[in-house]
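Participant: Just one file: query24.txt, with compact mmCIF, C-alpha atoms.
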```txt
# COMPACT_ATOMS: atom_id res chain seq x y z
CA MET A 1 -23.17 205.64 6.49
CA GLU A 2 -20.20 204.33 8.47
CA LYS A 3 -19.55 205.66 11.95
CA ALA A 4 -16.42 207.63 12.60
CA GLY A 5 -13.61 205.37 13.66
CA SER A 6 -15.42 202.20 12.57
CA LYS A 7 -12.68 201.22 10.14
CA LYS A 8 -10.19 198.76 11.53
CA ARG A 9 -6.67 200.16 11.83
CA LYS A 10 -4.11 198.26 9.78
CA ARG A 11 -1.14 196.68 11.50
CA PRO A 12 1.74 199.19 11.37
CA GLU A 13 4.96 198.31 9.63
CA LYS A 14 8.09 197.48 11.59
CA SER A 15 9.87 200.61 10.38
CA VAL A 16 6.95 202.80 11.47
CA ILE A 17 7.02 201.42 15.02
CA GLU A 18 10.77 201.91 15.28
CA GLU A 19 10.42 205.47 13.99
CA ALA A 20 7.70 206.20 16.54
CA VAL A 21 9.82 204.88 19.42
CA SER A 22 12.74 206.99 18.22
CA GLU A 23 10.54 210.11 18.04
CA VAL A 24 9.38 209.63 21.64
CA LEU A 25 12.62 208.56 23.33
CA GLU A 26 15.26 210.41 21.35
CA LYS A 27 13.46 213.54 20.14
CA GLY A 28 11.16 213.97 23.13
CA GLN A 29 7.88 213.97 21.20
CA SER A 30 4.71 213.08 23.08
CA ILE A 31 3.17 209.64 22.65
CA ASN A 32 -0.22 211.08 21.66
CA ARG A 33 1.16 213.35 18.94
CA THR A 34 3.48 210.67 17.56
CA ALA A 35 0.74 208.02 17.48
CA LEU A 36 -1.63 210.42 15.72
CA ALA A 37 0.96 211.49 13.17
CA LEU A 38 1.98 207.93 12.26
CA ASN A 39 -1.56 206.48 12.53
CA ILE A 40 -0.79 203.84 15.12
CA SER A 41 -2.46 202.91 18.38
CA ARG A 42 -1.57 205.18 21.29
CA ALA A 43 -1.87 202.35 23.81
CA TYR A 44 0.31 200.08 21.69
CA LEU A 45 2.99 202.74 21.32
CA ALA A 46 2.89 203.52 25.04
CA LYS A 47 3.33 199.83 25.84
CA ILE A 48 6.39 199.56 23.60
CA VAL A 49 7.93 202.77 24.94
CA LYS A 50 7.50 201.54 28.51
CA LYS A 51 9.08 198.22 27.58
CA VAL A 52 12.10 199.96 26.05
CA GLU A 53 12.51 202.29 29.03
CA THR A 54 12.37 199.35 31.43
CA SER A 55 14.97 197.37 29.52
CA GLY A 56 17.33 200.34 29.38
CA ASP A 57 18.36 199.48 25.81
CA SER A 58 19.07 202.62 23.79
CA SER A 59 18.48 200.95 20.42
CA TYR A 60 15.16 199.23 19.76
CA GLU A 61 14.39 196.68 17.05
CA HIS A 62 10.73 195.86 16.72
CA CYS A 63 9.88 192.14 16.59
CA PRO A 64 6.11 191.75 16.18
CA ASN A 65 4.64 188.84 18.08
CA ILE A 66 2.68 187.43 15.15
CA GLY A 67 1.71 183.78 14.90
CA ASN A 68 2.50 182.91 18.51
CA ARG A 69 -0.85 181.14 18.87
CA ARG A 70 -0.58 179.02 15.75
CA ILE A 71 -0.74 175.29 16.30
CA PHE A 72 1.61 174.32 13.46
CA THR A 73 4.64 175.90 11.94
CA THR A 74 4.59 177.12 8.35
CA GLU A 75 6.45 174.03 7.21
CA GLN A 76 4.02 171.71 8.99
CA GLU A 77 1.00 173.50 7.51
CA ASN A 78 2.52 173.26 4.04
CA MET A 79 2.90 169.52 4.54
CA LEU A 80 -0.76 169.27 5.54
CA ALA A 81 -1.81 171.29 2.49
CA GLU A 82 0.23 169.08 0.16
CA TYR A 83 -1.28 165.98 1.73
CA LEU A 84 -4.81 167.28 1.16
CA LYS A 85 -3.98 168.11 -2.47
CA THR A 86 -2.44 164.69 -3.06
CA ALA A 87 -5.42 162.91 -1.50
CA SER A 88 -7.79 164.87 -3.74
CA GLU A 89 -5.75 164.06 -6.86
CA MET A 90 -5.93 160.37 -5.93
CA CYS A 91 -9.76 160.60 -5.72
CA HIS A 92 -9.67 160.19 -1.94
CA GLY A 93 -10.30 163.78 -0.91
CA LEU A 94 -11.02 164.59 2.71
CA THR A 95 -14.19 166.25 3.97
CA ARG A 96 -14.19 169.14 6.43
CA HIS A 97 -14.64 166.79 9.36
CA GLN A 98 -11.91 164.46 8.13
CA ALA A 99 -9.55 167.41 7.63
CA LYS A 100 -10.15 168.55 11.21
CA LYS A 101 -9.57 165.01 12.45
CA LEU A 102 -6.33 164.89 10.46
CA GLY A 103 -5.23 168.19 11.99
CA PHE A 104 -5.93 166.85 15.48
CA ASP A 105 -3.97 163.63 14.89
CA TYR A 106 -1.09 165.61 13.43
CA ALA A 107 -1.09 167.98 16.41
CA VAL A 108 -1.08 165.06 18.86
CA ALA A 109 1.85 163.50 17.02
CA ASN A 110 3.77 166.79 17.29
CA ASP A 111 2.58 167.48 20.86
CA THR A 112 1.20 170.90 19.88
CA PHE A 113 -2.52 170.35 20.46
CA LEU A 114 -4.80 172.55 22.55
CA PRO A 115 -6.76 171.29 25.58
CA LYS A 116 -9.99 172.19 23.79
CA TRP A 117 -9.09 169.82 20.98
CA ILE A 118 -8.68 166.94 23.44
CA GLU A 119 -12.26 167.35 24.65
CA VAL A 120 -13.78 166.85 21.19
CA GLU A 121 -10.87 164.82 19.73
CA THR A 122 -10.78 166.99 16.63
CA ALA A 123 -9.59 170.40 15.52
CA THR A 124 -11.97 173.32 15.73
CA ASP A 125 -13.81 175.09 12.94
CA ASP A 126 -11.80 178.24 13.65
CA TRP A 127 -8.55 176.42 12.99
CA LEU A 128 -9.85 174.98 9.71
CA LYS A 129 -11.11 178.39 8.61
CA GLY A 130 -7.75 179.98 9.36
CA PHE A 131 -5.90 177.13 7.68
CA MET A 132 -7.96 177.50 4.50
CA SER A 133 -7.45 181.27 4.48
CA ARG A 134 -3.68 180.84 4.72
CA HIS A 135 -3.64 178.34 1.85
CA LYS A 136 -5.51 179.93 -1.04
CA GLY A 137 -4.79 176.94 -3.25
CA LEU A 138 -7.27 174.85 -1.25
CA THR A 139 -11.03 175.07 -1.56
CA VAL A 140 -14.10 172.95 -0.85
CA ARG A 141 -15.45 171.30 -4.01
CA LYS A 142 -18.18 168.80 -4.82
CA PRO A 143 -16.40 165.72 -6.26
CA GLU A 144 -17.70 163.57 -9.08
CA SER A 145 -18.37 159.90 -8.42
CA THR A 146 -15.47 157.89 -9.86
CA SER A 147 -15.36 154.10 -9.92
CA LEU A 148 -12.40 152.35 -8.34
CA SER A 149 -11.46 150.67 -11.62
CA ARG A 150 -11.26 154.00 -13.44
CA ALA A 151 -9.32 155.65 -10.63
CA THR A 152 -6.74 152.86 -10.49
CA SER A 153 -6.43 152.48 -14.27
CA PHE A 154 -5.76 156.14 -14.90
CA ASN A 155 -2.07 156.23 -14.03
CA LYS A 156 1.14 157.37 -15.66
CA ALA A 157 2.10 153.93 -16.99
CA ASN A 158 -1.24 153.27 -18.68
CA VAL A 159 -1.49 156.77 -20.13
CA SER A 160 2.06 156.56 -21.50
CA THR A 161 1.32 153.18 -23.07
CA PHE A 162 -1.83 154.54 -24.69
CA PHE A 163 -0.10 157.50 -26.28
CA GLU A 164 2.82 155.37 -27.44
CA LYS A 165 0.45 153.02 -29.25
CA LEU A 166 -1.55 155.95 -30.61
CA ASN A 167 1.60 157.54 -31.98
CA THR A 168 2.63 154.23 -33.60
CA VAL A 169 -0.74 153.85 -35.33
CA LEU A 170 -0.77 157.46 -36.53
CA GLN A 171 2.74 157.17 -37.93
CA ARG A 172 1.90 153.91 -39.71
CA TYR A 173 -1.44 154.79 -41.33
CA LYS A 174 -1.25 158.60 -41.58
CA PHE A 175 -4.92 159.17 -40.72
CA PRO A 176 -6.21 162.62 -41.70
CA PRO A 177 -8.00 164.62 -38.97
CA HIS A 178 -11.49 163.93 -40.34
CA ARG A 179 -10.87 160.18 -40.03
CA ILE A 180 -9.93 160.23 -36.34
CA PHE A 181 -13.06 159.87 -34.21
CA ASN A 182 -13.83 159.90 -30.53
CA ALA A 183 -16.92 158.05 -29.28
CA ASP A 184 -18.43 158.98 -25.94
CA GLU A 185 -21.74 158.14 -24.34
CA THR A 186 -23.74 160.15 -21.88
CA GLY A 187 -27.09 159.95 -20.16
CA CYS A 188 -29.72 162.45 -21.24
CA SER A 189 -32.96 162.99 -19.36
CA THR A 190 -36.22 163.76 -21.10
CA ILE A 191 -36.83 166.46 -18.48
CA THR A 192 -34.52 169.46 -18.27
CA ASN A 193 -33.60 170.99 -14.93
CA PRO A 194 -35.61 174.19 -14.39
CA PRO A 195 -33.52 177.38 -14.30
CA LYS A 196 -33.39 179.78 -11.38
CA VAL A 197 -36.37 182.14 -11.25
CA ILE A 198 -37.23 185.31 -9.34
CA ALA A 199 -39.58 184.69 -6.42
CA GLU A 200 -40.59 186.16 -3.09
CA ARG A 201 -37.89 186.13 -0.45
CA GLY A 202 -38.65 183.70 2.35
CA SER A 203 -40.77 181.34 0.25
CA LYS A 204 -40.17 177.77 1.37
CA GLN A 205 -41.02 176.07 -1.91
CA ILE A 206 -40.87 177.31 -5.49
CA GLY A 207 -42.32 175.24 -8.32
CA GLN A 208 -41.76 175.28 -12.05
CA VAL A 209 -44.06 173.48 -14.48
CA THR A 210 -42.44 170.70 -16.53
CA SER A 211 -43.85 167.84 -18.58
CA ALA A 212 -43.13 165.46 -15.70
CA GLU A 213 -41.46 165.59 -12.30
CA ARG A 214 -39.11 162.71 -13.07
CA GLY A 215 -37.74 162.20 -16.55
CA THR A 216 -36.63 159.10 -18.43
CA LEU A 217 -32.94 158.41 -18.94
CA VAL A 218 -31.87 157.92 -22.55
CA THR A 219 -28.29 156.84 -23.29
CA THR A 220 -26.78 158.78 -26.19
CA LEU A 221 -23.59 157.84 -28.05
CA PHE A 222 -21.81 160.58 -30.01
CA PHE A 223 -19.10 160.31 -32.68
CA ILE A 224 -16.93 163.41 -33.18
CA ASN A 225 -13.74 163.71 -35.23
CA THR A 226 -10.71 165.92 -34.65
CA ALA A 227 -11.69 168.19 -37.55
CA GLY A 228 -14.86 169.22 -35.71
CA GLY A 229 -17.29 167.07 -37.68
CA PHE A 230 -19.69 164.54 -36.22
CA LEU A 231 -21.84 161.60 -37.22
CA PRO A 232 -25.52 161.08 -36.40
CA PRO A 233 -25.72 159.87 -32.79
CA VAL A 234 -27.12 156.65 -31.38
CA PHE A 235 -29.99 156.71 -28.88
CA VAL A 236 -30.70 153.80 -26.52
CA CYS A 237 -34.26 154.15 -25.23
CA PRO A 238 -35.55 152.27 -22.14
CA ARG A 239 -38.11 150.19 -24.01
CA VAL A 240 -38.61 146.54 -24.90
CA ASN A 241 -39.48 147.20 -28.53
CA TYR A 242 -38.25 150.03 -30.71
CA GLU A 243 -40.68 152.42 -32.39
CA ASP A 244 -39.90 155.22 -34.84
CA ILE A 245 -41.79 157.72 -32.70
CA MET A 246 -38.92 157.58 -30.21
CA LEU A 247 -36.71 159.54 -32.61
CA ASN A 248 -38.95 162.52 -33.26
CA ASN A 249 -36.98 165.76 -33.73
CA VAL A 250 -33.56 164.08 -33.53
CA PRO A 251 -30.70 164.78 -36.01
CA PRO A 252 -31.27 163.14 -39.42
CA GLY A 253 -29.67 159.72 -39.75
CA ALA A 254 -29.62 158.99 -36.03
CA LEU A 255 -29.92 155.38 -34.94
CA GLY A 256 -32.52 154.36 -32.38
CA LEU A 257 -32.20 151.26 -30.22
CA ALA A 258 -34.38 149.76 -27.51
CA GLN A 259 -33.09 148.23 -24.30
CA VAL A 260 -35.09 147.55 -21.15
CA SER A 261 -32.74 149.37 -18.77
CA GLY A 262 -31.81 152.13 -21.22
CA TRP A 263 -28.11 151.36 -20.81
CA MET A 264 -25.60 150.58 -23.54
CA THR A 265 -25.14 146.80 -23.71
CA GLU A 266 -22.88 144.60 -25.82
CA ASP A 267 -25.55 144.01 -28.46
CA CYS A 268 -26.38 147.70 -28.64
CA PHE A 269 -22.72 148.64 -28.92
CA VAL A 270 -22.20 146.24 -31.84
CA LYS A 271 -25.13 147.84 -33.66
CA ALA A 272 -23.69 151.28 -32.87
CA LEU A 273 -20.35 150.25 -34.41
CA GLU A 274 -22.14 148.99 -37.52
CA HIS A 275 -23.91 152.34 -37.72
CA PHE A 276 -20.53 154.08 -37.43
CA VAL A 277 -18.93 151.97 -40.17
CA ILE A 278 -21.82 152.58 -42.56
CA ARG A 279 -21.63 156.34 -42.06
CA ILE A 280 -17.90 156.74 -42.64
CA CYS A 281 -17.54 154.31 -45.56
```
Will you turn the file into structure tokens for me?

Facilitator:
Amino acid sequence: MEKAGSKKRKRPEKSVIEEAVSEVLEKGQSINRTALALNISRAYLAKIVKKVETSGDSSYEHCPNIGNRRIFTTEQENMLAEYLKTASEMCHGLTRHQAKKLGFDYAVANDTFLPKWIEVETATDDWLKGFMSRHKGLTVRKPESTSLSRATSFNKANVSTFFEKLNTVLQRYKFPPHRIFNADETGCSTITNPPKVIAERGSKQIGQVTSAERGTLVTTLFFINTAGGFLPPVFVCPRVNYEDIMLNNVPPGALGLAQVSGWMTEDCFVKALEHFVIRIC
């Protein structure tokens, strides 16, 4: 059960503060009664009333002092956020530490850094937390490993060229959907990852029985057409010689190949293409 008064009071609106000041100064209401009626802090209202009385200004316009301790302006923070997004899209995303270092360098360049930042030569965790909370479009994600050749080849020019050639071929030969295939390979382990289980809280190690602690990687090549159909896949097993026992319980018609490393090589790919041609002809 929550204690009385444990809820944090929300920041009052500008119009509410101005109304409260008017009630006290113009209508002669007490500060306590006005603060209670409008649900604002008595001390805060008393401070504002004293400030208005000292200034001698009959009309008061409330200007909340919000954001006075921010290191960067809204425009500067938006530039930082866009930079982080662009770096991530280019497969060069920044870690938390790198983002704090970037914030420090940017603050030094704009001469808006804090003395505490100079001591550690980086922004603080509090700043990064506040920055992330103000920019909901940013989050911390685990990136996938992407080779440099793939990252540099995937650009607007190459993608446009690919689709232009694809459109030319489709217009020339009029392929039906069931004759347009996509081939993709993936690595499959002979051991599945154990699911989450219920265990005693505080246990340091939880085990789950599997056939082996470390599985064997088998490269699998799939052929799927745009109509939703598929051809029997190709399995590349990490063996020197192929044996039929390697394909127990696989889809009928699947092709099994043996390669020492278990990876798809040129010879294996040629055999996979021959398997593909036989199945569609």

Participant: Which one of A:Pro194, A:Gly187, A:Gly207, A:Gly215 sits closest to Gly262 in chain A if you count only C-alpha atoms?

Facilitator: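 Ranking A:Pro194, A:Gly187, A:Gly207, A:Gly215 by distance to Gly262 in chain A, first place goes to A:Gly187.
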
Participant: Using all atoms listed in the file, find the one residue out of A:Glu18, A:Glu185, A:Glu23, A:Glu266 that sits nearest to Glu61 in chain A.

Facilitator: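 Answer, going by the shortest atom-to-atom distance: A:Glu18.
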
Participant: Between CA of Leu102 in chain A and CA of Leu80 in chain A, what is the distance, to one decimal in Å?

Facilitator: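 It comes out at 8.6 Å.
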
Participant: What box, with edges along x, y and z, holds each listed atom of range 114-132 of chain A when 4 Å is added on every side, and can you state its centre and edge lengths in Å to one decimal, as AutoDock Vina command-line options?

Facilitator:
```
--center_x -9.3 --center_y 172.4 --center_z 15.0 --size_x 17.0 --size_y 23.2 --size_z 29.1
```

Participant: Taking 3 positions as the minimum chain separation for residues in the same chain, which residues sit within 12 Å of range 235-245 of chain A when counting all atoms listed in the file? Answer as a ChimeraX atom specification.

Facilitator: /A:185-190,215-222,232,248-251,253-265,267-269,271-272,275

Participant: So, with only C-alpha atoms as the atoms that count, which of A:Thr112, A:Ala212, A:Thr95, A:Leu25 lies closest to Lys51 in chain A?

Facilitator: A:Leu25
